[in-house]
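Visitor: Okay, handing you the structure first.
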Amino acid sequence: MSLLKLAHVSAFYGPSQALFDVHLDIAEGEVLALMGRNGMGKSTTVKVICRLLRNRGGSVVFDGRDLGPVPAHKAARAGIGLVPEGRRCFAPLTVHENLIAAARPGRWTLARVVELFPRLGERQGQVAASLSGGEQQMLAIGRALMTNPKLLILDEATEGLAPVIRREIWAAVRAVKGETGLSILVIDKSLKELGTVADRGVIIEKGVTVWSGAFDTLDRETTDRFLGV
C-alpha cells in the first residue's frame with residue numbers, strides 16, 4: 001500500500017512552470033531515491049509534498065488523504081518530517097531546545113536520537129549556531145525524527161560536508177532504515193551511497209518523471225543520459 005502517491009503533478013512559481021508531470025509513490029517502510037540534475041525539479045517536488053508550494057495540477061495523496069487543500073503545518077502534523085536542504089536549525093536555540101521544539105510522542109525520543117548521534121548528546125547545552133556544519137545536519141535529522149514522522153524526507157542531507165561526516169550520516173540513515181522500517185524519501189548526488197539504502201528510484205528531468213524502478217536496475221545508459229555521471 002502506498003504511503004505517498006504523486007500523480008501527474010504540475011507546479012508553478014508565479015507564471016513559471018517548474019513541474020509538468022511528476023509521478024512517484026512510496027510504500028510503507030520503503031526508501032525511495034529522488035534523482036536528477038540540478039534545477040530539474042527535485043526540491044520543488046519536495047516543496048509540493050510538504051505543501052510549501054501548491055500543485056496546480058495532479059494529485060498528492062499521503063496516508064490516504066488528499067493533501068491538495070492542506071497547509072504546510074497540517075502536512076507536518078499528518079506525519080511528514082522534512083530535513084531541508086541547507087540544514088536550517090534554530091540558530092539561537094540550544095541543541096536540546098531544537099530537538100524538543102516540535103517533538104511528538106513515539107518511537108523517537110531524545111535518548112534514541114542521542115544514541116543515533118552521540119555528538120548531539122555531548123552538545124545539548126550549546127546553541128545550534130556554534131555547531132559545525134556536520135553537527136547542524138545531524139541536529140536537523142534528529143529534530144525531524146523527534147516529530148516521529150511516517151515519512152522522513154532528506155533533501156541533500158550530506159551536501160558540502162566532510163567525507164568523514166558524510167559517512168557518519170549515511171550510516172545513521174542505514175540504521176534508521178534497518179531498525180525502524182521508516183519510509184524515507186532521499187535526495188542525494190551520490191549513487192554509490194544511495195545504492196546502500198534505496199529500494200527504488202525516480203529520476204526527474206525538466207519537471208517530468210522520466211524513469212522509475214528498482215534501484216538495482218538503474219543502468220549506465222540511464223545514468224549517463226539523465227544524471228550526467
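Convention: chains lettered A, B, ... in C-alpha cells order; per-chain residue numbering from 1; ligands numbered from 1 as shown.
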Applying 8 Å and only C-alpha atoms, which residues near stretch 12-17 of chain A remain after dropping the ones on its own chain fewer than 2 positions away? List them as a PyMOL selection string.
Guide: chain A and resi 10+19-20+55-56
Visitor: Restrict the selected residues to C-alpha atoms and save them as a PDB file, in the first residue's frame.
Guide:
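After the write, selection00.pdb holds the following:
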ATOM      1  CA  SER A  10       2.397  20.191 -12.036  1.00  0.00           C
ATOM      2  CA  LEU A  19       6.865  20.732 -12.630  1.00  0.00           C
ATOM      3  CA  PHE A  20       4.995  19.365 -15.623  1.00  0.00           C
ATOM      4  CA  ASN A  55       0.452  21.886  -7.055  1.00  0.00           C
ATOM      5  CA  ARG A  56      -1.690  23.349  -9.793  1.00  0.00           C
TER       6      ARG A  56
END
Visitor: Can you check which parts of stretch 166-193 of chain A lie within 10 Å of stretch 133-151 of chain A? Per residue, the shortest pair of atoms and distance in Å to one decimal, counting only C-alpha atoms, sorted by chain and number, as a Markdown table.
Guide:
| residue | atom | partner | partner_atom | distance |
| --- | --- | --- | --- | --- |
| A:Arg166 | CA | A:Gly134 | CA | 8.0 |
| A:Glu168 | CA | A:Met138 | CA | 9.3 |
| A:Ile169 | CA | A:Met138 | CA | 7.2 |
| A:Ala172 | CA | A:Met138 | CA | 9.2 |
| A:Val173 | CA | A:Ile141 | CA | 9.4 |
| A:Val176 | CA | A:Leu145 | CA | 9.6 |
| A:Gly181 | CA | A:Lys150 | CA | 9.9 |
| A:Leu182 | CA | A:Lys150 | CA | 6.6 |
| A:Ser183 | CA | A:Leu151 | CA | 4.9 |
| A:Ile184 | CA | A:Leu151 | CA | 5.6 |
| A:Leu185 | CA | A:Leu151 | CA | 7.4 |
Visitor: Can you write just those residues out, N, CA and C atoms, as an mmCIF file, in the first residue's frame?
Guide:
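The resulting file, again.cif, is shown below:
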data_model
loop_
_atom_site.group_PDB
_atom_site.id
_atom_site.type_symbol
_atom_site.label_atom_id
_atom_site.label_comp_id
_atom_site.auth_asym_id
_atom_site.auth_seq_id
_atom_site.Cartn_x
_atom_site.Cartn_y
_atom_site.Cartn_z
ATOM 1 N N ARG A 166 29.996 12.715 6.168
ATOM 2 C CA ARG A 166 29.078 12.084 5.205
ATOM 3 C C ARG A 166 28.899 10.609 5.544
ATOM 4 N N GLU A 168 29.266 9.172 8.387
ATOM 5 C CA GLU A 168 28.521 9.038 9.647
ATOM 6 C C GLU A 168 27.021 9.220 9.426
ATOM 7 N N ILE A 169 26.664 10.177 8.585
ATOM 8 C CA ILE A 169 25.245 10.428 8.321
ATOM 9 C C ILE A 169 24.628 9.291 7.511
ATOM 10 N N ALA A 172 23.927 6.486 9.736
ATOM 11 C CA ALA A 172 22.721 6.741 10.530
ATOM 12 C C ALA A 172 21.463 6.470 9.721
ATOM 13 N N VAL A 173 21.467 6.872 8.447
ATOM 14 C CA VAL A 173 20.299 6.623 7.590
ATOM 15 C C VAL A 173 20.074 5.119 7.435
ATOM 16 N N VAL A 176 18.533 3.841 10.626
ATOM 17 C CA VAL A 176 17.116 4.193 10.731
ATOM 18 C C VAL A 176 16.280 3.246 9.876
ATOM 19 N N GLY A 181 12.269 0.648 9.947
ATOM 20 C CA GLY A 181 11.409 0.467 8.788
ATOM 21 C C GLY A 181 10.662 1.728 8.408
ATOM 22 N N LEU A 182 11.237 2.892 8.750
ATOM 23 C CA LEU A 182 10.608 4.165 8.429
ATOM 24 C C LEU A 182 10.649 4.408 6.917
ATOM 25 N N SER A 183 9.577 4.926 6.361
ATOM 26 C CA SER A 183 9.577 5.314 4.953
ATOM 27 C C SER A 183 10.436 6.558 4.781
ATOM 28 N N ILE A 184 11.300 6.551 3.767
ATOM 29 C CA ILE A 184 12.238 7.650 3.565
ATOM 30 C C ILE A 184 12.270 8.041 2.095
ATOM 31 N N LEU A 185 12.209 9.336 1.833
ATOM 32 C CA LEU A 185 12.463 9.897 0.507
ATOM 33 C C LEU A 185 13.786 10.635 0.599
#
Visitor: Which of stretch 23-84 of chain A end up as alpha helix (DSSP H) when DSSP is run on this backbone - answer as a ChimeraX atom specification?
Guide: /A:42-49,72-78
Visitor: Report as an NGL selection string all protein, DNA and RNA residues lying within 12 Å of A:Gly121, evaluated on only C-alpha atoms, omitting residues in the same chain fewer than 3 positions from it.
Guide: :A and (94-96 or 99 or 110-118 or 124-126 or 135 or 138-139 or 142)
Visitor: Please report the interatomic distance between atom CA of A:Gly68 and atom CA of A:Val48 in Å with one decimal.
Guide: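 Taking atom CA of A:Gly68 and atom CA of A:Val48, their separation equals 9.4 Å.
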Visitor: Could you pull the residues within 7 Å of stretch 202-206 of chain A, counting only C-alpha atoms, minus those fewer than 3 positions along the same chain, as a ChimeraX atom specification?
Guide: /A:33-36,40-42,209-213,226
Visitor: Go ahead and save the residues from that selection, with N, CA and C atoms, as a PDB file, in the first residue's frame.
Guide:
ATOM      1  N   ALA A  33      14.791   6.859  -3.688  1.00  0.00           N
ATOM      2  CA  ALA A  33      15.762   7.875  -4.077  1.00  0.00           C
ATOM      3  C   ALA A  33      15.161   8.743  -5.174  1.00  0.00           C
ATOM      4  N   LEU A  34      15.126  10.060  -4.940  1.00  0.00           N
ATOM      5  CA  LEU A  34      14.650  11.015  -5.938  1.00  0.00           C
ATOM      6  C   LEU A  34      15.872  11.669  -6.562  1.00  0.00           C
ATOM      7  N   MET A  35      16.047  11.465  -7.858  1.00  0.00           N
ATOM      8  CA  MET A  35      17.289  11.853  -8.521  1.00  0.00           C
ATOM      9  C   MET A  35      17.030  12.760  -9.713  1.00  0.00           C
ATOM     10  N   GLY A  36      18.094  13.428 -10.160  1.00  0.00           N
ATOM     11  CA  GLY A  36      18.037  14.326 -11.303  1.00  0.00           C
ATOM     12  C   GLY A  36      19.137  15.358 -11.195  1.00  0.00           C
ATOM     13  N   MET A  40      16.266  20.443 -11.933  1.00  0.00           N
ATOM     14  CA  MET A  40      15.303  19.638 -12.690  1.00  0.00           C
ATOM     15  C   MET A  40      13.970  19.446 -11.979  1.00  0.00           C
ATOM     16  N   GLY A  41      13.886  19.887 -10.692  1.00  0.00           N
ATOM     17  CA  GLY A  41      12.595  19.830 -10.018  1.00  0.00           C
ATOM     18  C   GLY A  41      12.541  18.983  -8.758  1.00  0.00           C
ATOM     19  N   LYS A  42      13.684  18.505  -8.292  1.00  0.00           N
ATOM     20  CA  LYS A  42      13.662  17.641  -7.103  1.00  0.00           C
ATOM     21  C   LYS A  42      13.192  18.394  -5.861  1.00  0.00           C
ATOM     22  N   THR A 209       8.785  13.114 -14.630  1.00  0.00           N
ATOM     23  CA  THR A 209       9.347  11.823 -14.246  1.00  0.00           C
ATOM     24  C   THR A 209       9.700  11.052 -15.512  1.00  0.00           C
ATOM     25  N   VAL A 210      10.996  10.728 -15.655  1.00  0.00           N
ATOM     26  CA  VAL A 210      11.450  10.068 -16.883  1.00  0.00           C
ATOM     27  C   VAL A 210      11.899   8.629 -16.639  1.00  0.00           C
ATOM     28  N   TRP A 211      12.088   8.260 -15.380  1.00  0.00           N
ATOM     29  CA  TRP A 211      12.462   6.866 -15.084  1.00  0.00           C
ATOM     30  C   TRP A 211      12.055   6.545 -13.653  1.00  0.00           C
ATOM     31  N   SER A 212      11.609   5.324 -13.446  1.00  0.00           N
ATOM     32  CA  SER A 212      11.370   4.825 -12.101  1.00  0.00           C
ATOM     33  C   SER A 212      11.539   3.320 -12.117  1.00  0.00           C
ATOM     34  N   GLY A 213      11.988   2.786 -11.011  1.00  0.00           N
ATOM     35  CA  GLY A 213      12.173   1.345 -10.936  1.00  0.00           C
ATOM     36  C   GLY A 213      13.013   0.955  -9.748  1.00  0.00           C
ATOM     37  N   PHE A 226      20.556  10.925 -17.940  1.00  0.00           N
ATOM     38  CA  PHE A 226      19.760  11.821 -17.103  1.00  0.00           C
ATOM     39  C   PHE A 226      20.491  12.379 -15.882  1.00  0.00           C
TER      40      PHE A 226
END
Visitor: If you measure from atom CA of A:Leu161 to atom CA of A:Ser132, what distance in Å do you get, rounded to one decimal?
Guide: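 Between atom CA of A:Leu161 and atom CA of A:Ser132 the gap works out to 9.7 Å.
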Visitor: Mind checking DSSP for stretch 18-201 of chain A and telling me the strand (DSSP E or B) residues as a PyMOL selection string?
Guide: chain A and resi 18-27+31-35+55-62+65-66+80-83+94+127+151-155+183-187+200-201
Visitor: Those same residues - N, CA and C atoms - I'd like them written as a compact mmCIF listing (two decimals), in the first residue's frame.
Guide:
# COMPACT_ATOMS: atom_id res chain seq x y z
N ALA A 18 7.43 24.87 -13.13
CA ALA A 18 8.61 24.12 -12.69
C ALA A 18 8.40 22.61 -12.79
N LEU A 19 7.20 22.15 -12.50
CA LEU A 19 6.87 20.73 -12.63
C LEU A 19 5.77 20.57 -13.67
N PHE A 20 5.94 19.57 -14.52
CA PHE A 20 4.99 19.37 -15.62
C PHE A 20 4.22 18.06 -15.48
N ASP A 21 4.89 16.99 -15.07
CA ASP A 21 4.22 15.70 -14.96
C ASP A 21 5.05 14.79 -14.06
N VAL A 22 4.98 15.03 -12.78
CA VAL A 22 5.74 14.24 -11.82
C VAL A 22 4.84 13.19 -11.20
N HIS A 23 5.32 11.97 -11.22
CA HIS A 23 4.59 10.90 -10.54
C HIS A 23 5.59 10.02 -9.81
N LEU A 24 5.24 9.68 -8.58
CA LEU A 24 6.05 8.78 -7.76
C LEU A 24 5.17 8.23 -6.66
N ASP A 25 5.61 7.12 -6.09
CA ASP A 25 4.90 6.59 -4.93
C ASP A 25 5.90 5.91 -4.01
N ILE A 26 5.59 5.95 -2.73
CA ILE A 26 6.43 5.35 -1.70
C ILE A 26 5.55 4.45 -0.84
N ALA A 27 5.94 3.21 -0.72
CA ALA A 27 5.20 2.28 0.12
C ALA A 27 5.65 2.42 1.57
N VAL A 31 12.37 2.91 1.04
CA VAL A 31 13.26 4.05 0.82
C VAL A 31 13.31 4.32 -0.68
N LEU A 32 12.93 5.54 -1.05
CA LEU A 32 12.91 5.95 -2.45
C LEU A 32 13.93 7.04 -2.69
N ALA A 33 14.79 6.86 -3.69
CA ALA A 33 15.76 7.87 -4.08
C ALA A 33 15.16 8.74 -5.17
N LEU A 34 15.13 10.06 -4.94
CA LEU A 34 14.65 11.01 -5.94
C LEU A 34 15.87 11.67 -6.56
N MET A 35 16.05 11.47 -7.86
CA MET A 35 17.29 11.85 -8.52
C MET A 35 17.03 12.76 -9.71
N ASN A 55 0.49 22.40 -5.68
CA ASN A 55 0.45 21.89 -7.06
C ASN A 55 -0.77 22.45 -7.76
N ARG A 56 -0.58 22.80 -9.03
CA ARG A 56 -1.69 23.35 -9.79
C ARG A 56 -2.46 22.25 -10.51
N GLY A 57 -1.79 21.14 -10.79
CA GLY A 57 -2.44 20.02 -11.44
C GLY A 57 -2.00 18.72 -10.80
N GLY A 58 -2.75 17.65 -11.05
CA GLY A 58 -2.42 16.36 -10.49
C GLY A 58 -2.85 16.24 -9.03
N SER A 59 -2.39 15.19 -8.39
CA SER A 59 -2.81 14.93 -7.01
C SER A 59 -1.63 14.50 -6.14
N VAL A 60 -1.74 14.83 -4.85
CA VAL A 60 -0.77 14.43 -3.84
C VAL A 60 -1.56 13.78 -2.72
N VAL A 61 -1.38 12.47 -2.55
CA VAL A 61 -2.13 11.72 -1.55
C VAL A 61 -1.15 11.13 -0.55
N PHE A 62 -1.35 11.41 0.72
CA PHE A 62 -0.48 10.91 1.78
C PHE A 62 -1.31 10.18 2.82
N ARG A 65 -4.92 10.42 2.37
CA ARG A 65 -5.53 11.75 2.46
C ARG A 65 -5.03 12.63 1.32
N ASP A 66 -5.95 13.28 0.64
CA ASP A 66 -5.60 14.24 -0.41
C ASP A 66 -5.02 15.48 0.25
N ILE A 80 4.66 14.04 7.98
CA ILE A 80 5.74 14.29 7.03
C ILE A 80 6.85 15.06 7.74
N GLY A 81 8.01 14.44 7.85
CA GLY A 81 9.15 15.07 8.51
C GLY A 81 10.19 15.46 7.48
N LEU A 82 10.55 16.74 7.44
CA LEU A 82 11.48 17.26 6.43
C LEU A 82 12.81 17.66 7.05
N VAL A 83 13.89 17.17 6.42
CA VAL A 83 15.23 17.67 6.70
C VAL A 83 15.60 18.51 5.47
N THR A 94 19.39 26.07 21.86
CA THR A 94 20.35 25.02 22.14
C THR A 94 20.00 23.75 21.35
N VAL A 127 24.33 26.32 21.75
CA VAL A 127 23.39 26.84 20.77
C VAL A 127 23.75 26.28 19.40
N LEU A 151 6.81 9.58 7.27
CA LEU A 151 7.70 9.72 6.13
C LEU A 151 8.78 10.73 6.47
N LEU A 152 10.04 10.34 6.30
CA LEU A 152 11.17 11.24 6.50
C LEU A 152 11.73 11.63 5.14
N ILE A 153 11.86 12.95 4.91
CA ILE A 153 12.41 13.45 3.65
C ILE A 153 13.77 14.07 3.91
N LEU A 154 14.78 13.56 3.22
CA LEU A 154 16.15 14.06 3.35
C LEU A 154 16.54 14.74 2.05
N ASP A 155 16.60 16.07 2.07
CA ASP A 155 16.91 16.84 0.86
C ASP A 155 18.38 17.25 0.90
N SER A 183 9.58 4.93 6.36
CA SER A 183 9.58 5.31 4.95
C SER A 183 10.44 6.56 4.78
N ILE A 184 11.30 6.55 3.77
CA ILE A 184 12.24 7.65 3.57
C ILE A 184 12.27 8.04 2.10
N LEU A 185 12.21 9.34 1.83
CA LEU A 185 12.46 9.90 0.51
C LEU A 185 13.79 10.63 0.60
N VAL A 186 14.78 10.22 -0.18
CA VAL A 186 16.11 10.78 -0.05
C VAL A 186 16.60 11.33 -1.38
N ILE A 187 17.13 12.55 -1.32
CA ILE A 187 17.72 13.21 -2.47
C ILE A 187 19.22 13.35 -2.20
N ARG A 200 14.01 1.69 -4.29
CA ARG A 200 13.64 2.10 -5.65
C ARG A 200 14.14 3.52 -5.91
N GLY A 201 14.07 3.91 -7.17
CA GLY A 201 14.48 5.26 -7.54
C GLY A 201 13.55 5.89 -8.55
Visitor: Select, from A:Val197, A:Val9, A:Leu53, A:Ala129, the residue with the minimum atom-to-atom distance to A:Arg87, counting only C-alpha atoms.
Guide: A:Ala129
Visitor: Do you have the atom CA of A:Lys177-atom CA of A:Phe215 distance handy?
Guide: 15.6 Å
Visitor: Restricting the calculation to only C-alpha atoms: of A:Pro163, A:Gly79, A:Gly29, A:Gly86, which residue gets closest to A:Ile49?
Guide: A:Gly79
